[in-house]
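Participant: File name input_7.txt; file contents compact mmCIF, C-alpha atoms; full text below.
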# COMPACT_ATOMS: atom_id res chain seq x y z
CA MET A 1 -31.58 149.24 -44.55
CA SER A 2 -29.19 150.51 -41.85
CA ASP A 3 -30.11 153.40 -39.54
CA ASP A 4 -27.72 155.73 -41.39
CA ALA A 5 -29.14 154.73 -44.74
CA MET A 6 -32.67 155.13 -43.41
CA ASN A 7 -31.90 158.62 -42.08
CA ASP A 8 -30.36 159.59 -45.41
CA TYR A 9 -33.41 158.27 -47.27
CA GLU A 10 -35.75 160.20 -44.98
CA GLU A 11 -33.80 163.42 -45.58
CA ARG A 12 -33.98 162.94 -49.34
CA LEU A 13 -37.73 162.39 -49.12
CA GLN A 14 -38.41 165.39 -46.91
CA ALA A 15 -36.29 167.58 -49.18
CA TRP A 16 -39.18 167.39 -51.64
CA VAL A 17 -41.59 169.11 -49.27
CA GLY A 18 -42.34 172.59 -50.62
CA ARG A 19 -40.84 171.83 -54.03
CA LYS A 20 -42.70 172.17 -57.31
CA LEU A 21 -43.17 169.00 -59.29
CA GLY A 22 -42.54 170.72 -62.59
CA GLU A 23 -43.29 173.81 -64.59
CA PRO A 24 -46.90 175.05 -64.85
CA ARG A 25 -48.76 172.98 -67.43
CA ARG A 26 -51.40 174.56 -69.63
CA GLY A 27 -54.44 172.54 -70.69
CA GLN A 28 -54.52 171.35 -74.28
CA ASP A 29 -57.86 173.05 -74.96
CA PRO A 30 -59.75 176.00 -73.53
CA VAL A 31 -63.02 175.47 -71.69
CA ASN A 32 -65.56 174.51 -74.34
CA VAL A 33 -69.18 173.48 -74.64
CA PRO A 34 -68.67 170.06 -76.30
CA MET A 35 -66.53 168.81 -73.41
CA ILE A 36 -69.00 170.24 -70.91
CA ARG A 37 -71.76 168.36 -72.72
CA HIS A 38 -69.82 165.08 -72.57
CA TRP A 39 -69.18 165.59 -68.87
CA VAL A 40 -72.73 166.39 -67.78
CA GLU A 41 -74.14 163.53 -69.85
CA ALA A 42 -71.68 161.09 -68.27
CA MET A 43 -72.42 162.43 -64.80
CA GLU A 44 -76.18 162.67 -65.48
CA ASP A 45 -76.05 166.25 -64.21
CA ASP A 46 -79.06 168.11 -65.63
CA ASN A 47 -78.33 171.55 -64.14
CA PRO A 48 -79.31 173.87 -67.04
CA VAL A 49 -76.65 176.51 -66.27
CA TYR A 50 -74.05 174.25 -67.88
CA LEU A 51 -75.60 174.16 -71.36
CA ASP A 52 -78.40 176.76 -71.55
CA ASP A 53 -77.35 180.44 -71.81
CA GLU A 54 -80.81 181.72 -70.98
CA ALA A 55 -81.09 179.53 -67.86
CA ALA A 56 -77.62 180.63 -66.78
CA ARG A 57 -78.43 184.34 -67.21
CA ALA A 58 -81.61 183.84 -65.19
CA THR A 59 -79.36 183.00 -62.23
CA GLY A 60 -77.37 186.25 -62.59
CA ARG A 61 -74.50 184.72 -64.61
CA ASP A 62 -73.29 186.16 -67.91
CA GLY A 63 -73.84 182.82 -69.66
CA ILE A 64 -73.21 179.13 -69.28
CA VAL A 65 -70.50 177.96 -66.90
CA ALA A 66 -68.49 174.76 -66.60
CA PRO A 67 -69.17 172.36 -63.71
CA ALA A 68 -66.74 173.26 -60.96
CA SER A 69 -65.60 169.65 -60.55
CA MET A 70 -64.40 169.67 -64.18
CA VAL A 71 -61.45 171.92 -63.37
CA GLN A 72 -59.00 169.02 -63.29
CA ALA A 73 -60.28 167.69 -66.62
CA TRP A 74 -59.22 170.85 -68.45
CA THR A 75 -55.55 170.19 -67.63
CA MET A 76 -55.36 166.43 -68.10
CA ARG A 77 -52.62 165.43 -70.49
CA GLY A 78 -54.71 163.15 -72.69
CA TYR A 79 -54.09 159.75 -74.22
CA ALA A 80 -51.35 160.75 -76.63
CA ALA A 81 -49.18 162.18 -73.85
CA HIS A 82 -49.23 158.83 -72.05
CA VAL A 83 -48.44 156.88 -75.20
CA HIS A 84 -45.55 159.22 -76.01
CA PRO A 85 -44.20 160.43 -72.65
CA GLU A 86 -41.90 163.39 -72.38
CA PRO A 87 -38.24 162.40 -72.95
CA VAL A 88 -37.03 164.20 -69.82
CA PRO A 89 -38.53 162.89 -66.56
CA GLY A 90 -40.43 165.48 -64.54
CA GLY A 91 -40.47 166.11 -60.82
CA MET A 92 -43.29 163.63 -60.19
CA ASP A 93 -41.28 160.95 -62.01
CA GLU A 94 -38.26 161.67 -59.81
CA LEU A 95 -40.32 161.56 -56.61
CA THR A 96 -42.02 158.36 -57.73
CA ASP A 97 -38.63 156.76 -58.37
CA LEU A 98 -37.43 157.83 -54.93
CA LEU A 99 -40.50 156.32 -53.29
CA ALA A 100 -39.99 153.12 -55.29
CA GLU A 101 -36.43 153.02 -53.95
CA GLY A 102 -37.98 152.63 -50.49
CA GLY A 103 -40.27 149.85 -51.75
CA TYR A 104 -43.38 152.04 -52.04
CA THR A 105 -44.26 150.84 -55.51
CA SER A 106 -48.06 150.72 -55.30
CA VAL A 107 -50.42 153.67 -55.15
CA VAL A 108 -53.99 154.48 -54.24
CA ALA A 109 -55.67 157.88 -54.08
CA THR A 110 -57.16 158.69 -50.66
CA ASP A 111 -58.30 162.33 -50.69
CA SER A 112 -59.11 165.15 -53.10
CA ASP A 113 -60.23 168.46 -51.60
CA PHE A 114 -61.08 171.41 -53.86
CA GLU A 115 -61.43 175.09 -53.13
CA PHE A 116 -63.06 176.99 -56.01
CA HIS A 117 -62.35 180.70 -56.45
CA ARG A 118 -64.55 181.38 -59.47
CA GLU A 119 -66.55 179.55 -62.08
CA LEU A 120 -64.99 178.77 -65.43
CA VAL A 121 -66.65 179.87 -68.65
CA PRO A 122 -66.12 178.87 -72.28
CA GLY A 123 -62.90 180.41 -73.55
CA ASP A 124 -61.01 180.21 -70.25
CA HIS A 125 -57.67 178.50 -70.75
CA VAL A 126 -56.61 176.80 -67.54
CA GLY A 127 -53.16 175.77 -66.43
CA VAL A 128 -51.98 173.92 -63.32
CA GLU A 129 -48.87 173.71 -61.22
CA GLU A 130 -48.27 171.22 -58.41
CA SER A 131 -46.07 171.29 -55.34
CA VAL A 132 -45.45 168.85 -52.51
CA GLU A 133 -47.17 169.79 -49.28
CA SER A 134 -46.08 166.90 -47.05
CA ILE A 135 -44.70 163.35 -47.01
CA SER A 136 -45.68 161.41 -43.93
CA PRO A 137 -43.49 159.05 -41.92
CA GLU A 138 -44.07 155.40 -42.77
CA LYS A 139 -47.53 154.26 -41.65
CA LYS A 140 -48.97 150.79 -41.30
CA THR A 141 -52.13 150.40 -43.38
CA GLY A 142 -54.37 147.56 -44.43
CA LEU A 143 -52.69 147.62 -47.85
CA GLY A 144 -49.17 147.56 -46.45
CA ALA A 145 -46.61 149.92 -44.97
CA GLY A 146 -46.68 153.23 -46.80
CA ARG A 147 -46.41 156.99 -46.86
CA PHE A 148 -49.11 159.57 -47.50
CA VAL A 149 -47.94 162.10 -50.07
CA SER A 150 -49.97 165.32 -50.14
CA THR A 151 -49.60 167.81 -52.98
CA ILE A 152 -51.25 171.13 -53.75
CA ARG A 153 -52.44 171.78 -57.29
CA THR A 154 -53.05 175.39 -58.17
CA TYR A 155 -55.25 176.11 -61.19
CA ARG A 156 -54.91 179.50 -62.93
CA ASP A 157 -56.51 181.13 -65.93
CA ALA A 158 -54.58 182.70 -68.82
CA SER A 159 -54.08 185.92 -66.88
CA GLY A 160 -52.57 184.09 -63.91
CA GLU A 161 -55.63 184.44 -61.65
CA ILE A 162 -56.18 181.48 -59.32
CA VAL A 163 -59.47 179.79 -60.18
CA ALA A 164 -59.17 176.73 -57.91
CA THR A 165 -56.82 174.81 -55.63
CA GLN A 166 -56.80 171.10 -54.97
CA ARG A 167 -55.20 169.20 -52.12
CA TRP A 168 -54.43 165.76 -53.55
CA ARG A 169 -53.30 162.95 -51.29
CA LEU A 170 -51.95 159.57 -52.36
CA LEU A 171 -50.89 156.56 -50.37
CA ARG A 172 -47.70 155.15 -51.80
CA PHE A 173 -47.34 151.75 -50.18
CA ARG A 174 -45.20 148.66 -50.08
CA PRO A 175 -47.47 145.78 -51.09
CA ALA A 176 -47.81 143.14 -48.41
CA GLU A 177 -46.19 139.93 -49.51
CA LYS A 178 -48.71 137.21 -50.14
CA PRO A 179 -47.76 133.57 -50.43
CA ALA A 180 -48.29 132.27 -53.90
CA PRO A 181 -51.25 129.91 -54.08
CA LYS A 182 -50.27 126.27 -54.22
CA PRO A 183 -50.69 124.91 -57.74
CA LEU A 184 -53.52 122.48 -58.33
CA ARG A 185 -52.81 118.81 -58.68
CA PRO A 186 -52.89 117.58 -62.25
CA ARG A 187 -56.45 116.78 -63.25
CA PRO A 188 -57.41 113.11 -63.70
CA ALA A 189 -58.65 112.01 -67.10
CA ILE A 190 -62.36 111.63 -66.33
CA ASN A 191 -64.57 109.90 -68.87
CA PRO A 192 -68.01 108.21 -68.91
CA ASP A 193 -66.46 104.94 -67.68
CA ASN A 194 -64.80 106.30 -64.53
CA ALA A 195 -66.79 109.45 -63.64
CA PHE A 196 -68.80 107.52 -61.02
CA TRP A 197 -65.60 106.68 -59.14
CA PHE A 198 -64.47 110.30 -58.83
CA GLU A 199 -67.99 111.42 -57.89
CA ALA A 200 -67.99 108.89 -55.05
CA ALA A 201 -64.52 110.04 -53.99
CA ARG A 202 -65.82 113.61 -53.60
CA GLU A 203 -68.24 112.12 -51.05
CA HIS A 204 -65.34 110.27 -49.35
CA ARG A 205 -66.59 106.90 -50.51
CA LEU A 206 -64.16 104.41 -52.04
CA VAL A 207 -66.16 102.24 -54.40
CA VAL A 208 -65.15 99.24 -56.50
CA GLN A 209 -66.82 98.39 -59.78
CA ARG A 210 -68.56 94.98 -59.81
CA CYS A 211 -69.89 92.94 -62.69
CA ALA A 212 -73.63 92.61 -62.31
CA ASP A 213 -73.56 89.12 -63.90
CA CYS A 214 -70.51 87.22 -62.62
CA LYS A 215 -70.00 89.47 -59.55
CA SER A 216 -66.25 89.84 -60.13
CA LEU A 217 -64.67 93.10 -58.95
CA ARG A 218 -62.46 95.22 -61.15
CA HIS A 219 -60.29 98.33 -60.90
CA PRO A 220 -59.59 100.58 -62.68
CA PRO A 221 -63.15 100.96 -63.95
CA GLY A 222 -63.97 99.88 -67.49
CA PRO A 223 -66.96 99.47 -69.75
CA ALA A 224 -66.97 95.66 -69.82
CA CYS A 225 -66.16 92.84 -67.43
CA PRO A 226 -62.78 91.25 -68.33
CA GLN A 227 -64.04 87.92 -66.95
CA CYS A 228 -67.37 87.42 -68.73
CA GLY A 229 -67.62 90.40 -71.10
CA SER A 230 -70.82 91.75 -69.58
CA PHE A 231 -71.53 95.45 -69.89
CA ARG A 232 -73.79 95.39 -66.83
CA TRP A 233 -72.25 96.61 -63.59
CA ASP A 234 -72.81 98.10 -60.18
CA THR A 235 -70.49 99.02 -57.29
CA VAL A 236 -69.62 97.93 -53.79
CA GLU A 237 -68.16 100.25 -51.16
CA SER A 238 -64.74 99.29 -49.89
CA SER A 239 -64.06 98.95 -46.19
CA GLY A 240 -60.85 100.90 -46.71
CA ASP A 241 -58.67 98.19 -45.19
CA GLY A 242 -55.73 96.84 -47.16
CA HIS A 243 -51.99 96.37 -47.29
CA VAL A 244 -49.03 97.67 -49.29
CA TYR A 245 -48.59 95.38 -52.26
CA THR A 246 -45.59 97.35 -53.56
CA PHE A 247 -44.38 100.94 -53.52
CA THR A 248 -41.86 103.44 -54.81
CA VAL A 249 -40.51 106.70 -53.44
CA ASN A 250 -40.57 109.50 -55.99
CA HIS A 251 -38.00 112.29 -55.82
CA HIS A 252 -38.12 113.44 -59.45
CA PRO A 253 -39.51 114.83 -61.65
CA ARG A 254 -40.93 117.39 -59.23
CA HIS A 255 -44.33 119.04 -59.54
CA PRO A 256 -45.11 122.06 -57.32
CA ALA A 257 -48.46 120.57 -56.23
CA PHE A 258 -46.74 117.69 -54.41
CA GLU A 259 -44.50 117.45 -51.36
CA TYR A 260 -41.40 115.33 -51.78
CA PRO A 261 -40.26 112.65 -51.23
CA LEU A 262 -43.57 111.19 -52.38
CA VAL A 263 -44.55 107.63 -51.53
CA VAL A 264 -46.59 106.08 -54.33
CA ALA A 265 -47.97 102.68 -53.38
CA VAL A 266 -50.00 99.92 -54.95
CA ILE A 267 -52.59 99.12 -52.28
CA GLU A 268 -54.32 95.76 -52.27
CA LEU A 269 -57.74 96.21 -50.72
CA ALA A 270 -59.41 93.68 -48.47
CA GLU A 271 -61.94 93.18 -51.27
CA GLY A 272 -59.13 91.92 -53.56
CA THR A 273 -58.67 94.75 -56.04
CA ARG A 274 -55.65 97.01 -56.17
CA LEU A 275 -55.27 100.74 -56.75
CA ILE A 276 -52.42 103.23 -56.87
CA ALA A 277 -52.47 105.86 -54.14
CA ASN A 278 -50.19 108.03 -52.04
CA MET A 279 -49.13 107.11 -48.52
CA THR A 280 -49.40 109.57 -45.64
CA GLY A 281 -48.46 109.58 -41.98
CA VAL A 282 -45.30 107.55 -42.51
CA ALA A 283 -41.70 108.32 -43.43
CA PRO A 284 -40.59 106.84 -46.74
CA GLU A 285 -37.95 104.71 -45.06
CA ASP A 286 -40.59 103.14 -42.79
CA VAL A 287 -42.88 101.89 -45.55
CA GLU A 288 -42.79 98.11 -46.00
CA ILE A 289 -44.36 95.65 -48.41
CA GLY A 290 -47.23 93.94 -46.63
CA MET A 291 -47.75 96.87 -44.20
CA PRO A 292 -51.42 97.03 -43.13
CA VAL A 293 -53.03 100.32 -44.10
CA VAL A 294 -56.35 102.10 -43.71
CA LEU A 295 -58.13 104.55 -45.93
CA ASP A 296 -57.84 108.31 -45.50
CA TRP A 297 -58.86 111.17 -47.80
CA LEU A 298 -57.02 114.01 -49.46
CA ASP A 299 -59.19 116.99 -50.40
CA ALA A 300 -56.73 118.42 -52.88
CA ASP A 301 -59.06 121.28 -53.87
CA PRO A 302 -62.82 121.90 -53.95
CA ASP A 303 -63.17 119.80 -57.11
CA LEU A 304 -60.87 116.90 -56.33
CA SER A 305 -60.84 114.37 -53.48
CA LEU A 306 -58.58 111.33 -53.64
CA PRO A 307 -58.09 108.23 -51.47
CA ILE A 308 -54.78 108.02 -49.65
CA PHE A 309 -53.62 105.45 -47.12
CA ARG A 310 -51.90 105.55 -43.76
CA PRO A 311 -50.40 102.77 -41.63
CA LYS A 312 -52.99 100.87 -39.61
CA GLU A 313 -52.50 101.32 -35.88
CA SER A 314 -51.70 98.04 -34.17
I'd like the structure from this file rewritten - as structure tokens, please.

Facilitator:
Amino acid sequence: MSDDAMNDYEERLQAWVGRKLGEPRRGQDPVNVPMIRHWVEAMEDDNPVYLDDEAARATGRDGIVAPASMVQAWTMRGYAAHVHPEPVPGGMDELTDLLAEGGYTSVVATDSDFEFHRELVPGDHVGVEESVESISPEKKTGLGAGRFVSTIRTYRDASGEIVATQRWRLLRFRPAEKPAPKPLRPRPAINPDNAFWFEAAREHRLVVQRCADCKSLRHPPGPACPQCGSFRWDTVESSGDGHVYTFTVNHHPRHPAFEYPLVVAVIELAEGTRLIANMTGVAPEDVEIGMPVVLDWLDADPDLSLPIFRPKES
């Protein structure tokens, strides 16, 4: 936003200071005992003057009174008003749109200060009107750059007498941009035959399945030895040395969890078995068949560690 545009925006914002945010709004219902009862039960407030006439008169009152902090509740619009909003936007809607124009699209309440002029009693019908007291210059906050908008709500009874005022302050802020989390790598298909291999990988151990009878090594893991058919097996830990048996450079299809171009190699281990793994620490154009490599580890996320290979230093 240019300086001229910024100055114009600031003038339009400050023009709201002192303005009413709409016509006075009367509460849907007068002060009544059932709502008082709901309130004090929810708040676990056992002050008897709210529900017991005799206890209230013992304090010098004419009868029960409503909790002072309920004053705002008597003028709340209710569920139906939010489901079916008024067809013509009010002043608060216009101010909210103007703040959104500046990027201040998020909101959090920061302060609510009441001044009570008299206690409310059943039968009082309360209305409220609200005006803008101040709009601050842009401030840097932990939530993001924003503006503090202070309004004054004036609560009156049916005769127009002020019963309470409320200074209400909101922070309208521009949410700080957060980088989107990197998507997880696709999950491997883990089953009872290969779970041991992935468990070892989480410990940064590259193991190779070995037939317990004929001692032949095999990868990928399987339930039976392809040489002698035995179902008995154990493992040996690979040294991590090997060479590139063959490779390809993937450009497509792209998955957001990977960085491209992606070198996918068939690595022949010193122990004689082969596995498919990514290459790291080398440009795709520098990979060669027969290149000596050494084991490294990729901790893709807390639940997945995978072997990768880098060129062996000469």

Participant: With a distance cut-off of 7 Å and only C-alpha atoms, select the neighbouring residues of Cys211 in chain A, excluding the residue or stretch itself and same-chain residues fewer than 2 positions from it, and output the selection as a list of chain:residue names.

Facilitator: A:Gln209, A:Asp213, A:Cys214, A:Lys215, A:Ser216, A:Leu217, A:Cys225, A:Arg232, A:Trp233, A:Asp234

Participant: Tell me, as a CSV table (one decimal) with C-alpha atoms, keeping the file's coordinate frame, which residues lie within 12 Å of Ala158 in chain A, counting only C-alpha atoms; anything in the same chain fewer than 3 positions away does not count.

Facilitator:
chain,number,residue,atom,x,y,z
A,24,PRO,CA,-46.9,175.0,-64.8
A,25,ARG,CA,-48.8,173.0,-67.4
A,26,ARG,CA,-51.4,174.6,-69.6
A,27,GLY,CA,-54.4,172.5,-70.7
A,29,ASP,CA,-57.9,173.0,-75.0
A,30,PRO,CA,-59.8,176.0,-73.5
A,31,VAL,CA,-63.0,175.5,-71.7
A,120,LEU,CA,-65.0,178.8,-65.4
A,123,GLY,CA,-62.9,180.4,-73.6
A,124,ASP,CA,-61.0,180.2,-70.2
A,125,HIS,CA,-57.7,178.5,-70.8
A,126,VAL,CA,-56.6,176.8,-67.5
A,127,GLY,CA,-53.2,175.8,-66.4
A,128,VAL,CA,-52.0,173.9,-63.3
A,155,TYR,CA,-55.2,176.1,-61.2
A,161,GLU,CA,-55.6,184.4,-61.6
A,162,ILE,CA,-56.2,181.5,-59.3
A,163,VAL,CA,-59.5,179.8,-60.2

Participant: Closest to Phe116 in chain A among A:Pro67, A:Gly90, A:Gly281, A:Pro48, using all atoms listed in the file?

Facilitator: A:Pro67

Participant: Hey, can you check how far CA of Ala257 in chain A sits from CA of Arg218 in chain A?

Facilitator: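 Between these atoms lies a distance of 29.4 Å.
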
Participant: So what do you get for CA of Pro307 in chain A versus CA of Glu199 in chain A, distance-wise?

Facilitator: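 Computing it gives 12.2 Å between the two atoms.
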
Participant: List as a list of chain:residue names: which residues have an atom within 9 Å of (-45.1, 171.8, -52.2), counting only C-alpha atoms?

Facilitator: A:Trp16, A:Val17, A:Gly18, A:Arg19, A:Lys20, A:Leu21, A:Glu130, A:Ser131, A:Val132, A:Glu133, A:Ser134, A:Ser150, A:Thr151, A:Ile152, A:Arg153

Participant: Taking (-54.7, 105.5, -54.9) in the file's coordinates, which residues come within 6 Å, counting only C-alpha atoms, written as number ranges by chain?

Facilitator: A: 275-278, 307-308
